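Participant: Supplied structure: final.cif, mmCIF, C-alpha atoms.
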```cif
data_protein
#
loop_
_atom_site.group_PDB
_atom_site.id
_atom_site.type_symbol
_atom_site.label_atom_id
_atom_site.label_comp_id
_atom_site.auth_asym_id
_atom_site.auth_seq_id
_atom_site.Cartn_x
_atom_site.Cartn_y
_atom_site.Cartn_z
ATOM 1 C CA MET A 4 -158.840 112.705 115.889
ATOM 2 C CA ILE A 5 -160.931 115.749 116.635
ATOM 3 C CA ILE A 6 -159.491 116.222 120.143
ATOM 4 C CA ALA A 7 -155.962 116.385 118.724
ATOM 5 C CA LEU A 8 -157.069 119.055 116.255
ATOM 6 C CA LEU A 9 -158.773 121.005 119.052
ATOM 7 C CA LEU A 10 -155.621 120.812 121.163
ATOM 8 C CA ASP A 11 -153.422 122.063 118.328
ATOM 9 C CA LEU A 12 -155.797 124.901 117.438
ATOM 10 C CA ALA A 13 -156.127 125.860 121.108
ATOM 11 C CA ASN A 14 -152.324 125.972 121.354
ATOM 12 C CA VAL A 15 -152.096 128.257 118.315
ATOM 13 C CA VAL A 16 -154.931 130.617 119.312
ATOM 14 C CA GLY A 17 -154.014 130.584 123.002
ATOM 15 C CA GLY A 18 -150.366 131.190 122.145
ATOM 16 C CA PHE A 19 -151.428 134.146 120.019
ATOM 17 C CA LEU A 20 -153.430 135.586 122.911
ATOM 18 C CA LEU A 21 -150.455 135.193 125.234
ATOM 19 C CA ALA A 22 -147.901 136.533 122.734
ATOM 20 C CA VAL A 23 -149.895 139.579 121.661
ATOM 21 C CA ALA A 24 -147.963 141.765 124.132
ATOM 22 C CA LEU A 25 -144.879 141.270 121.959
ATOM 23 C CA LEU A 26 -146.659 140.964 118.615
ATOM 24 C CA ARG A 27 -148.152 144.439 118.908
ATOM 25 C CA ARG A 28 -144.635 145.887 118.783
ATOM 26 C CA LEU A 29 -144.151 144.651 115.195
ATOM 27 C CA PRO A 30 -144.068 147.494 112.674
ATOM 28 C CA ARG A 31 -147.001 147.816 110.269
ATOM 29 C CA VAL A 32 -148.956 144.816 111.582
ATOM 30 C CA GLY A 33 -148.847 145.354 115.337
ATOM 31 C CA ASP A 34 -151.962 147.519 115.477
ATOM 32 C CA ASP A 35 -153.966 145.065 113.372
ATOM 33 C CA LEU A 36 -152.853 142.140 115.543
ATOM 34 C CA ASN A 37 -153.752 144.117 118.648
ATOM 35 C CA ASN A 38 -157.240 144.790 117.260
ATOM 36 C CA LEU A 39 -157.676 141.112 116.370
ATOM 37 C CA ALA A 40 -156.548 140.078 119.843
ATOM 38 C CA ALA A 41 -158.988 142.551 121.404
ATOM 39 C CA ARG A 42 -161.844 140.908 119.469
ATOM 40 C CA VAL A 43 -160.765 137.354 120.355
ATOM 41 C CA ALA A 44 -159.826 138.056 124.009
ATOM 42 C CA PRO A 45 -163.377 137.771 125.421
ATOM 43 C CA PHE A 46 -163.405 134.167 124.199
ATOM 44 C CA GLY A 47 -159.967 133.404 125.640
ATOM 45 C CA TRP A 48 -161.462 131.498 128.536
ATOM 46 C CA ILE A 49 -163.096 129.078 126.066
ATOM 47 C CA VAL A 50 -159.766 128.555 124.316
ATOM 48 C CA GLY A 51 -158.128 128.017 127.708
ATOM 49 C CA LEU A 52 -160.751 125.510 128.750
ATOM 50 C CA VAL A 53 -160.400 123.552 125.498
ATOM 51 C CA ALA A 54 -156.595 123.555 125.840
ATOM 52 C CA LEU A 55 -156.762 122.438 129.470
ATOM 53 C CA VAL A 56 -159.289 119.640 128.861
ATOM 54 C CA ALA A 57 -157.696 118.335 125.644
ATOM 55 C CA GLY A 58 -154.175 118.565 127.085
ATOM 56 C CA GLY A 59 -155.279 116.794 130.276
ATOM 57 C CA TYR A 60 -157.021 114.091 128.282
ATOM 58 C CA TYR A 61 -153.952 113.348 126.200
ATOM 59 C CA LEU A 62 -151.700 113.547 129.242
ATOM 60 C CA ILE A 63 -153.732 110.839 130.965
ATOM 61 C CA VAL A 64 -153.986 108.705 127.804
ATOM 62 C CA HIS A 65 -150.275 108.900 127.015
ATOM 63 C CA LEU A 66 -149.172 108.291 130.595
ATOM 64 C CA ILE A 67 -151.403 105.224 130.972
ATOM 65 C CA SER A 68 -151.234 103.559 127.559
ATOM 66 C CA GLY A 69 -148.213 105.197 125.932
ATOM 67 C CA PRO A 70 -146.329 105.585 123.740
ATOM 68 C CA ARG A 71 -144.774 108.538 125.610
ATOM 69 C CA LEU A 72 -145.438 112.027 126.851
ATOM 70 C CA PHE A 73 -145.604 114.590 124.028
ATOM 71 C CA PRO A 74 -144.926 118.338 124.335
ATOM 72 C CA PHE A 75 -148.322 119.147 122.793
ATOM 73 C CA GLU A 76 -150.273 118.196 125.894
ATOM 74 C CA VAL A 77 -147.837 119.820 128.330
ATOM 75 C CA VAL A 78 -147.965 123.099 126.397
ATOM 76 C CA GLY A 79 -151.761 122.803 126.110
ATOM 77 C CA ILE A 80 -152.093 122.465 129.881
ATOM 78 C CA GLY A 81 -149.785 125.469 130.319
ATOM 79 C CA VAL A 82 -151.768 127.566 127.826
ATOM 80 C CA GLY A 83 -155.054 126.594 129.454
ATOM 81 C CA THR A 84 -153.746 127.453 132.909
ATOM 82 C CA ALA A 85 -152.339 130.795 131.733
ATOM 83 C CA LEU A 86 -155.562 131.791 129.961
ATOM 84 C CA LEU A 87 -157.766 130.674 132.863
ATOM 85 C CA TRP A 88 -155.528 132.180 135.570
ATOM 86 C CA ASP A 89 -157.973 135.032 136.260
ATOM 87 C CA ARG A 90 -160.874 132.636 136.733
ATOM 88 C CA LEU A 91 -158.895 130.026 138.677
ATOM 89 C CA THR A 92 -157.287 132.361 141.233
ATOM 90 C CA GLY A 93 -159.429 135.479 141.142
ATOM 91 C CA ARG A 94 -156.310 137.610 140.537
ATOM 92 C CA GLN A 95 -155.304 139.381 137.356
ATOM 93 C CA ALA A 96 -152.488 137.641 135.454
ATOM 94 C CA PRO A 97 -149.390 139.824 134.949
ATOM 95 C CA ARG A 98 -149.282 140.491 131.222
ATOM 96 C CA GLU A 99 -147.961 144.022 130.689
ATOM 97 C CA ASP A 100 -147.088 147.195 132.557
ATOM 98 C CA ARG A 101 -148.665 150.667 132.364
ATOM 99 C CA GLN A 102 -146.878 151.561 129.122
ATOM 100 C CA GLY A 103 -148.257 148.440 127.434
ATOM 101 C CA THR A 104 -144.925 146.624 127.232
ATOM 102 C CA ALA A 105 -144.338 143.112 128.451
ATOM 103 C CA THR A 106 -141.838 142.897 131.311
ATOM 104 C CA GLY A 107 -141.091 140.279 133.936
ATOM 105 C CA PRO A 108 -143.809 137.602 134.173
ATOM 106 C CA GLY A 109 -145.711 139.177 131.266
ATOM 107 C CA LEU A 110 -142.667 138.806 129.044
ATOM 108 C CA LEU A 111 -142.312 135.188 130.143
ATOM 109 C CA LEU A 112 -145.964 134.547 129.235
ATOM 110 C CA ALA A 113 -145.465 136.212 125.844
ATOM 111 C CA VAL A 114 -142.433 134.038 125.076
ATOM 112 C CA PHE A 115 -144.395 130.979 126.206
ATOM 113 C CA GLY A 116 -147.122 132.124 123.790
ATOM 114 C CA PHE A 117 -144.639 132.007 120.912
ATOM 115 C CA ILE A 118 -143.597 128.519 121.997
ATOM 116 C CA ALA A 119 -147.264 127.474 122.098
ATOM 117 C CA ILE A 120 -147.815 128.794 118.565
ATOM 118 C CA ILE A 121 -144.832 126.819 117.282
ATOM 119 C CA VAL A 122 -145.898 123.648 119.114
ATOM 120 C CA GLY A 123 -149.482 124.033 117.869
ATOM 121 C CA VAL A 124 -148.427 124.474 114.244
ATOM 122 C CA GLN A 125 -146.073 121.505 114.576
ATOM 123 C CA GLY A 126 -148.937 119.452 116.005
ATOM 124 C CA LEU A 127 -151.127 120.312 113.032
ATOM 125 C CA PHE A 128 -148.584 118.744 110.676
ATOM 126 C CA THR A 129 -147.538 115.801 112.849
ATOM 127 C CA PRO A 130 -149.506 112.574 112.400
ATOM 128 C CA ASP A 131 -151.275 111.239 115.476
ATOM 129 C CA GLY A 132 -149.441 108.342 116.973
#
```
The structure in this file should be written as structure tokens.
Facilitator:
Amino acid sequence: MIIALLLDLANVVGGFLLAVALLRRLPRVGDDLNNLAARVAPFGWIVGLVALVAGGYYLIVHLISGPRLFPFEVVGIGVGTALLWDRLTGRQAPREDRQGTATGPGLLLAVFGFIAIIVGVQGLFTPDG
């Protein structure tokens, strides 16, 4: 289904946007990933909205008609909430400190971003059930 594909892609792209605080520390590719994230970041709210809507849809469908709750929708709702945090609360989400390193809640979001990337890639290769 198209919604499942949108959810998986939103998990991958949203996870990348959340994990970029750690990805930029990679040697040789960190600067390129940081530049890519800077170009994609203005559209992060769209990715968050797609993740939140698609994850919520599948959460409702799988809770009502089964077969069970999958991690794809839970992670999608988390990614959507994290990316839309600024718009939902009006406060800036803690992503990194003054030196540009992820610490505390920003580090937790970056690790959750890696988890979202893994779950999104897994969802791309898992048949819909």
Participant: Do you know which residues are at most 6 Å from A:Ala22 counting only C-alpha atoms, after dropping those on the same chain fewer than 5 positions away, and could you put them as a PyMOL selection string?
Facilitator: chain A and resi 113+116-117
Participant: Of the candidates A:Ala41, A:Leu52, A:Ile63, A:Leu25, which shows the shortest atom-to-atom distance to A:Leu111, using all atoms listed in the file?
Facilitator: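 Of the candidates, the smallest distance to A:Leu111 is held by A:Leu25.
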Participant: Expressed in Å to a single decimal, how great is the separation between atom CA of A:Leu55 and atom CA of A:Gly33?
Facilitator: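 According to the coordinates, atom CA of A:Leu55 and atom CA of A:Gly33 are separated by 28.1 Å.
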Participant: Can you work out which one of A:Ala24, A:Val77, A:Ile67, A:Val43 has the shortest atom-to-atom distance to A:Gly123, counting all atoms listed in the file?
Facilitator: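 Smallest distance to A:Gly123 is found for A:Val77.
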Participant: Can you pull out every residue within 10 Å of stretch 8-13 of chain A, counting only C-alpha atoms, but drop anything in the same chain fewer than 4 positions away, and send it as an MDAnalysis selection string?
Facilitator: chainID A and resid 4 17:19 47 49:61 75:76 78:80 82:83 119:128 131
Participant: Would you mind exporting C-alpha atoms of the selected residues as a PDB file, keeping the file's coordinate frame?
Facilitator:
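Printed below is out-v9.pdb as written:
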```pdb
ATOM      1  CA  MET A   4    -158.840 112.705 115.889  1.00  0.00           C
ATOM      2  CA  GLY A  17    -154.014 130.584 123.002  1.00  0.00           C
ATOM      3  CA  GLY A  18    -150.366 131.190 122.145  1.00  0.00           C
ATOM      4  CA  PHE A  19    -151.428 134.146 120.019  1.00  0.00           C
ATOM      5  CA  GLY A  47    -159.967 133.404 125.640  1.00  0.00           C
ATOM      6  CA  ILE A  49    -163.096 129.078 126.066  1.00  0.00           C
ATOM      7  CA  VAL A  50    -159.766 128.555 124.316  1.00  0.00           C
ATOM      8  CA  GLY A  51    -158.128 128.017 127.708  1.00  0.00           C
ATOM      9  CA  LEU A  52    -160.751 125.510 128.750  1.00  0.00           C
ATOM     10  CA  VAL A  53    -160.400 123.552 125.498  1.00  0.00           C
ATOM     11  CA  ALA A  54    -156.595 123.555 125.840  1.00  0.00           C
ATOM     12  CA  LEU A  55    -156.762 122.438 129.470  1.00  0.00           C
ATOM     13  CA  VAL A  56    -159.289 119.640 128.861  1.00  0.00           C
ATOM     14  CA  ALA A  57    -157.696 118.335 125.644  1.00  0.00           C
ATOM     15  CA  GLY A  58    -154.175 118.565 127.085  1.00  0.00           C
ATOM     16  CA  GLY A  59    -155.279 116.794 130.276  1.00  0.00           C
ATOM     17  CA  TYR A  60    -157.021 114.091 128.282  1.00  0.00           C
ATOM     18  CA  TYR A  61    -153.952 113.348 126.200  1.00  0.00           C
ATOM     19  CA  PHE A  75    -148.322 119.147 122.793  1.00  0.00           C
ATOM     20  CA  GLU A  76    -150.273 118.196 125.894  1.00  0.00           C
ATOM     21  CA  VAL A  78    -147.965 123.099 126.397  1.00  0.00           C
ATOM     22  CA  GLY A  79    -151.761 122.803 126.110  1.00  0.00           C
ATOM     23  CA  ILE A  80    -152.093 122.465 129.881  1.00  0.00           C
ATOM     24  CA  VAL A  82    -151.768 127.566 127.826  1.00  0.00           C
ATOM     25  CA  GLY A  83    -155.054 126.594 129.454  1.00  0.00           C
ATOM     26  CA  ALA A 119    -147.264 127.474 122.098  1.00  0.00           C
ATOM     27  CA  ILE A 120    -147.815 128.794 118.565  1.00  0.00           C
ATOM     28  CA  ILE A 121    -144.832 126.819 117.282  1.00  0.00           C
ATOM     29  CA  VAL A 122    -145.898 123.648 119.114  1.00  0.00           C
ATOM     30  CA  GLY A 123    -149.482 124.033 117.869  1.00  0.00           C
ATOM     31  CA  VAL A 124    -148.427 124.474 114.244  1.00  0.00           C
ATOM     32  CA  GLN A 125    -146.073 121.505 114.576  1.00  0.00           C
ATOM     33  CA  GLY A 126    -148.937 119.452 116.005  1.00  0.00           C
ATOM     34  CA  LEU A 127    -151.127 120.312 113.032  1.00  0.00           C
ATOM     35  CA  PHE A 128    -148.584 118.744 110.676  1.00  0.00           C
ATOM     36  CA  ASP A 131    -151.275 111.239 115.476  1.00  0.00           C
TER      37      ASP A 131
END
```
Participant: Please, what distance in Å, to one decimal, runs between atom CA of A:Trp48 and atom CA of A:Leu20?
Facilitator: 10.6 Å
Participant: Report, in Å to a single decimal, how far apart atom CA of A:Ile6 and atom CA of A:Ala40 are.
Facilitator: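 Atom-to-atom, atom CA of A:Ala40 to atom CA of A:Ile6, that is 24.0 Å.
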Participant: I'd like to know which of A:Phe115, A:Gly81, A:Gly69, A:Ala7 is closest to A:Thr129, using only C-alpha atoms.
Facilitator: A:Ala7
